[in-house]
Structure formats: C-alpha cells, structure tokens
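Below: the structure, in structure tokens.
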Amino acid sequence: MSALFPVVLDSAETARRGQVLAGPVNLTLDGQGICVVLGPNGAGKTSLLRLMHGAARLTAGSIRWSCPTPQARRAQAFVFQRPVMLRRTVLENLAYPLRIRGVRRREAMQRAADWAGRVGLGGMLDRQAPVLSGGEQQKLALARALIAEPALLFLDEPCASLDGRAMREIEEILLAARAAGTSLILSTHDMGQARRLADEVVFMLHGKVHEAGPAHDFFNQTATPEARAFLHGDIVE
Ligand SMILES: Nc1ncnc2c1ncn2[C@@H]1O[C@H](COP(=O)(O)OP(=O)(O)OP(=O)(O)O)[C@@H](O)[C@H]1O
C-alpha cells in the first residue's frame, strides 16, 4: 500500500458557476489495486477524478490524503480520455516527464526506449506522436504517465473508442502497473472492462456516490435498484 492511502473525501464537492459537477462525496479509498468509477453519462465520473487529482477546484468539504496534499499530487499522474501529444517523436514524448524531473538526457532516452518496448511502440521511436493511431496514442499516453513511476494513476475512460485489440493491450499495461504496486482509479462506461479490472467499484449517479465497495460484492450482490439496472444494461437516468 502506498503512503498516499487511505484517502478520505468528506462532503467533497466541485462546482462551476454555481452548478455542482460532483458532490457532496463521502468516500474512503485504500488504494489497493484498481478502483473503477462507473455510472451513466454526466454522472460526475470525470469531475470526481479531476477533483481528487486537484485539476478541478474543491468548492466544499475536504479531501485528505495520508500525506501532505502537495506530496500526494506529485505522486500522481492523470491520463485523459483524449491524450494530448507533444509535437515530437514517440521517444521524446516518453522522455519528457523524466527530463522535466531533471533526469539526464542519456538516461531519459534509455528509459523512454525501454518503456516504448513495454507498450509495443518499440518500432516507432522516431515517429511523430500526433500521427499515431488512437490506440497507439493511448498506449503512449499511458507509458508517459507510468514512466515517472506514480504511486497513483488516474485514467478517464482510457479505452473510449478503441477496438478490442487496443483495449486488451491497454488493459494488460494497467494490470502490469497494478502488479508493480501502482494504485489505479479509472472511469469507464464499459461493464466488461469494469468486471475484468476492478478490485473496488464506485458507482456514481447525479454527481454523488450511489454505491461503493469491493468489486465482487458490487457485481454479485448489488445493493441498490439503480446499480442493478445499470449492471443489466438498462437505461439509468
Ligand atoms: N467545465 C464544465 N462546465 C460546466 N459543466 C460541466 C463541466 N464539466 C462537466 N460539467 C457537467 O457536470 C456534470 C458531470 O460531468 P462529468 O463529465 O463529470 O460526468 P461523467 O460521468 O464523466 O460523464 P461522461 O460519462 O459523459 O463522460 C455533467 O452534467 C456535465 O455536463
């Protein structure tokens, strides 16, 4: 378990121009393995992830990590639904997070090449990142987030609009990160993906946590009719 956890959200809320995007949320996470945040469109999944990471403003309540918040933030990385690529090569994209942390160029390039290989981009080191396919860009974004060895990685719909093969490759990278001790919090619409990856589930509805607990319990003995309906693929509003 990492020094970041447990993290405790106490009536945590993020609002914009008076509209609550997520919250109030009461939630304690212990950072063991993969926490999957589920819920219909607009339920507040992205907002919750951004709030926890400090990318959305905490407008009420509190979020307490087990270490000082600035330290917790430095130990985190965030992979967005649509990855932002630097207009540079694959290798330079991967080396960038190391370079800004002061790693020498030679070592940064070596580690970048190693990570490119791990995510199946070893043959594309000199290709310009913006011309990669969606799946390749997502793998690059993941490797670029993991190369700095974060204790916690947030992923917002990491496989949206990817085909089955790209999804499987990305899930393998996520499982390897989990096995290496990284905590992951990811949002998804994909129930299959949630079942394959989740150790813990947070089910959101209307900006609030509707149900949270071990994945096994969520999938086998869901407590609320809304979560049951969502699991059955019914429309939940
Ligand atoms: N920057 C913003 N300004 C105003 N409203 C926003 C902003 N970002 C999100 N919202 C609203 O906040 C609510 C929660 O959005 P959020 O993106 O967190 O949900 P989500 O569960 O991730 O949805 P989806 O599955 O569609 O990505 C929605 O009603 C959305 O329209």
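Scheme for the structure tokens: letters A, B, ... for chains in order shown; per-chain residue numbers from 1; ligand numbers from 1 in order shown.
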Per-residue nearest contacts of chain A to ligand 1 (6 Å; only C-alpha atoms and all ligand atoms) as CSV:
```
residue,atom,partner,partner_atom_place_in_ligand_line,distance
A:Leu21,CA,ligand 1,12 (O),3.9
A:Pro40,CA,ligand 1,25 (O),5.7
A:Asn41,CA,ligand 1,26 (O),3.4
A:Gly42,CA,ligand 1,19 (O),3.5
A:Ala43,CA,ligand 1,21 (O),3.7
A:Gly44,CA,ligand 1,18 (O),3.2
A:Lys45,CA,ligand 1,21 (O),3.7
A:Thr46,CA,ligand 1,22 (O),3.6
A:Ser47,CA,ligand 1,18 (O),3.6
```
Please write the residues from the selection above to a file, keeping N, CA and C atoms, as a CSV table (one decimal), in the first residue's frame.
```csv
chain,number,residue,atom,x,y,z
A,21,LEU,N,-20.8,19.9,-10.1
A,21,LEU,CA,-20.4,18.9,-11.1
A,21,LEU,C,-20.3,17.5,-10.5
A,40,PRO,N,-23.6,6.4,-15.4
A,40,PRO,CA,-24.1,6.8,-16.8
A,40,PRO,C,-23.4,8.2,-17.2
A,41,ASN,N,-23.6,8.6,-18.4
A,41,ASN,CA,-23.1,9.9,-18.9
A,41,ASN,C,-23.6,11.0,-18.0
A,42,GLY,N,-22.6,11.9,-17.6
A,42,GLY,CA,-23.0,13.0,-16.8
A,42,GLY,C,-23.1,12.7,-15.4
A,43,ALA,N,-22.8,11.5,-14.9
A,43,ALA,CA,-22.9,11.2,-13.5
A,43,ALA,C,-21.9,11.9,-12.6
A,44,GLY,N,-20.8,12.3,-13.2
A,44,GLY,CA,-19.8,13.0,-12.5
A,44,GLY,C,-18.5,12.3,-12.3
A,45,LYS,N,-18.3,11.2,-13.1
A,45,LYS,CA,-17.1,10.4,-13.0
A,45,LYS,C,-15.8,11.2,-13.3
A,46,THR,N,-15.8,11.9,-14.4
A,46,THR,CA,-14.7,12.7,-14.8
A,46,THR,C,-14.4,13.8,-13.7
A,47,SER,N,-15.5,14.4,-13.3
A,47,SER,CA,-15.4,15.5,-12.3
A,47,SER,C,-14.8,15.0,-11.0
```
Each residue of range 133-218 of chain A with at least one atom at most 6 Å from range 79-88 of chain A should appear once, together with its nearest atom pair and the corresponding distance in Å (one decimal); atoms considered: only C-alpha atoms; ordering: chain, then increasing residue number; output as CSV.
```
residue,atom,partner,partner_atom,distance
A:Leu155,CA,A:Val79,CA,4.7
A:Asp156,CA,A:Gln81,CA,5.2
A:Glu157,CA,A:Gln81,CA,5.3
A:Pro158,CA,A:Gln81,CA,5.5
```
May I ask for the distance between CA of Ile147 in chain A and CA of Gly122 in chain A, given in Å to one decimal place?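 Those two atoms sit 14.7 Å apart.
Remark: for Gln193 in chain A, the closest of the candidate residues A:Arg168, A:Arg64, A:His53, A:Arg101 is A:Arg168 (distances computed over only C-alpha atoms).
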Can you work out which one of A:Gly233, A:Gly33, A:Pro6, A:Gly18 has the shortest atom-to-atom distance to Asp199 in chain A, counting only C-alpha atoms?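 Once distances to Asp199 in chain A are computed over only C-alpha atoms, the minimum belongs to A:Gly33.
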Long-range neighbours of range 110-117 of chain A as a tab-separated table (two decimals) with C-alpha atoms, in the first residue's frame, 9 Å cut-off, only C-alpha atoms, 6 positions minimum in chain:
```
chain	number	residue	atom	x	y	z
A	90	VAL	CA	7.45	8.96	-29.56
A	91	LEU	CA	10.83	8.78	-27.84
A	92	GLU	CA	10.83	12.48	-26.95
A	93	ASN	CA	7.24	12.29	-25.66
A	94	LEU	CA	8.28	9.48	-23.34
A	95	ALA	CA	11.50	11.13	-22.20
A	96	TYR	CA	9.76	14.45	-21.45
A	98	LEU	CA	11.86	12.44	-16.94
A	123	GLY	CA	9.33	0.04	-33.60
A	124	MET	CA	8.02	3.62	-33.70
A	125	LEU	CA	10.54	5.54	-31.61
A	139	LYS	CA	-0.55	3.48	-25.16
A	140	LEU	CA	1.97	6.29	-25.48
A	143	ALA	CA	3.61	4.87	-20.84
A	144	ARG	CA	4.32	8.60	-20.49
A	146	LEU	CA	3.86	5.46	-15.89
A	147	ILE	CA	7.47	6.28	-16.75
```
From range 75-168 of chain A, collect each residue whose DSSP state is alpha helix (DSSP H) and return the set as a VMD selection string. chain A and resid 90 to 99 105 to 118 134 to 146 164 to 168
Tell me, which residues of range 7-208 of chain A carry DSSP strand (DSSP E), written as a PyMOL selection string? chain A and resi 7-16+19-29+34-38+60-64+76-79+152-156+183-187+200-205+208
Polymer residues at most 9 Å from Pro214 in chain A, only C-alpha atoms, same-chain spacing of 5 or more positions, as a PDB file with N, CA and C atoms, in the first residue's frame:
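Saved the output as part08.pdb:
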```pdb
ATOM      1  N   CYS A  35      -9.437   0.748  -8.723  1.00  0.00           N
ATOM      2  CA  CYS A  35     -10.772   1.228  -8.359  1.00  0.00           C
ATOM      3  C   CYS A  35     -11.433   1.721  -9.640  1.00  0.00           C
ATOM      4  N   ALA A 198     -11.725  -4.417 -12.118  1.00  0.00           N
ATOM      5  CA  ALA A 198     -11.992  -3.762 -10.828  1.00  0.00           C
ATOM      6  C   ALA A 198     -11.672  -4.628  -9.613  1.00  0.00           C
ATOM      7  N   ASP A 199     -10.997  -4.015  -8.647  1.00  0.00           N
ATOM      8  CA  ASP A 199     -10.913  -4.588  -7.306  1.00  0.00           C
ATOM      9  C   ASP A 199     -11.972  -3.922  -6.430  1.00  0.00           C
ATOM     10  N   GLU A 200     -12.209  -2.665  -6.759  1.00  0.00           N
ATOM     11  CA  GLU A 200     -13.137  -1.828  -5.987  1.00  0.00           C
ATOM     12  C   GLU A 200     -14.023  -1.113  -7.004  1.00  0.00           C
ATOM     13  N   VAL A 201     -15.295  -0.884  -6.678  1.00  0.00           N
ATOM     14  CA  VAL A 201     -16.171  -0.142  -7.592  1.00  0.00           C
ATOM     15  C   VAL A 201     -16.775   1.049  -6.861  1.00  0.00           C
ATOM     16  N   VAL A 202     -16.792   2.189  -7.554  1.00  0.00           N
ATOM     17  CA  VAL A 202     -17.527   3.366  -7.075  1.00  0.00           C
ATOM     18  C   VAL A 202     -18.576   3.633  -8.150  1.00  0.00           C
ATOM     19  N   PHE A 219     -20.702  -6.647  -8.147  1.00  0.00           N
ATOM     20  CA  PHE A 219     -21.176  -7.416  -9.299  1.00  0.00           C
ATOM     21  C   PHE A 219     -22.093  -8.576  -8.905  1.00  0.00           C
TER      22      PHE A 219
END
```
Measuring atom to atom with only C-alpha atoms, identify which of A:His189, A:Arg195, A:Arg16, A:His206 is nearest to Phe230 in chain A.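 Of all the options, A:His189 lies closest to Phe230 in chain A.
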Shell around Asp163 in chain A at 12 Å using only C-alpha atoms, local window under 4 positions removed, as a list of chain:residue names: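 Residues near the query, excluding close chain neighbours: A:Ser133, A:Gly134, A:Gly135, A:Glu136, A:Gln138, A:Pro158, A:Cys159, A:Met167, A:Arg168, A:Glu169, A:Ile170.
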Polymer residues at most 10 Å from Phe5 in chain A, only C-alpha atoms, same-chain spacing of 3 or more positions, as a compact mmCIF listing (two decimals) with N, CA and C atoms, in the first residue's frame:
```txt
# COMPACT_ATOMS: atom_id res chain seq x y z
N MET A 1 0.85 -1.20 0.00
CA MET A 1 0.00 0.00 0.00
C MET A 1 0.88 1.25 0.00
N SER A 2 0.42 2.25 -0.73
CA SER A 2 1.23 3.45 -0.85
C SER A 2 0.99 4.40 0.32
N VAL A 8 -9.45 10.18 2.22
CA VAL A 8 -10.80 10.35 2.76
C VAL A 8 -11.44 11.61 2.16
N THR A 28 -14.05 6.74 1.24
CA THR A 28 -12.69 6.42 1.68
C THR A 28 -12.15 5.34 0.76
N LEU A 29 -10.97 5.57 0.21
CA LEU A 29 -10.35 4.58 -0.69
C LEU A 29 -9.02 4.17 -0.10
N ASP A 30 -8.74 2.86 -0.19
CA ASP A 30 -7.48 2.39 0.41
C ASP A 30 -6.38 2.16 -0.62
N GLY A 31 -6.70 2.40 -1.91
CA GLY A 31 -5.65 2.36 -2.93
C GLY A 31 -5.12 0.97 -3.25
N GLN A 32 -5.87 -0.06 -2.89
CA GLN A 32 -5.43 -1.42 -3.20
C GLN A 32 -5.87 -1.77 -4.61
N ARG A 64 -8.61 14.40 2.21
CA ARG A 64 -7.40 14.21 3.00
C ARG A 64 -6.66 12.96 2.57
N TRP A 65 -5.46 13.17 2.02
CA TRP A 65 -4.56 12.05 1.71
C TRP A 65 -3.80 11.72 2.97
N SER A 66 -3.10 10.58 2.97
CA SER A 66 -2.36 10.20 4.18
C SER A 66 -1.00 10.88 4.26
N CYS A 67 -0.72 11.75 3.31
CA CYS A 67 0.50 12.56 3.36
C CYS A 67 0.08 13.97 2.97
N ALA A 72 1.14 14.34 -2.17
CA ALA A 72 0.23 13.37 -2.80
C ALA A 72 0.08 13.69 -4.29
N ALA A 151 2.67 6.80 -7.76
CA ALA A 151 2.07 5.87 -6.80
C ALA A 151 0.61 5.63 -7.17
N LEU A 152 0.01 6.64 -7.80
CA LEU A 152 -1.41 6.58 -8.17
C LEU A 152 -1.60 7.13 -9.58
N SER A 183 -1.35 2.15 -7.63
CA SER A 183 -2.80 2.22 -7.42
C SER A 183 -3.41 2.89 -8.65
```
Non-local contacts of Phe218 in chain A (12 Å; only C-alpha atoms; under 3 positions in same chain excluded) as a VMD selection string: chain A and resid 36 to 38 191 194 to 195 198 to 203 210 to 215 221 to 228 230 to 231
Could you take the residues named above and write them with C-alpha atoms, as a compact mmCIF listing (two decimals), in the first residue's frame?
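Listing of result39.txt after writing:
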```
# COMPACT_ATOMS: atom_id res chain seq x y z
CA VAL A 36 -13.27 1.55 -11.20
CA VAL A 37 -15.64 4.52 -11.24
CA LEU A 38 -18.85 3.58 -13.03
CA MET A 191 -19.07 -3.02 -18.00
CA ALA A 194 -15.05 -2.99 -15.18
CA ARG A 195 -15.55 -6.69 -14.50
CA ALA A 198 -11.99 -3.76 -10.83
CA ASP A 199 -10.91 -4.59 -7.31
CA GLU A 200 -13.14 -1.83 -5.99
CA VAL A 201 -16.17 -0.14 -7.59
CA VAL A 202 -17.53 3.37 -7.08
CA PHE A 203 -20.93 3.73 -8.76
CA HIS A 210 -24.53 5.90 -5.06
CA GLU A 211 -22.74 2.72 -4.07
CA ALA A 212 -19.12 1.83 -3.32
CA GLY A 213 -17.36 -1.34 -2.22
CA PRO A 214 -15.42 -4.41 -3.27
CA ALA A 215 -15.98 -5.31 -6.93
CA GLN A 221 -24.99 -8.60 -4.67
CA THR A 222 -25.63 -5.02 -5.78
CA ALA A 223 -27.43 -3.13 -3.05
CA THR A 224 -29.46 -0.58 -4.98
CA PRO A 225 -32.02 -0.93 -7.80
CA GLU A 226 -30.25 1.79 -9.82
CA ALA A 227 -26.94 -0.08 -9.76
CA ARG A 228 -28.74 -3.34 -10.59
CA PHE A 230 -27.08 -0.25 -14.72
CA LEU A 231 -25.45 -3.68 -14.46
```
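We find CA of Arg17 in chain A and CA of Arg57 in chain A to be spaced 11.7 Å apart.
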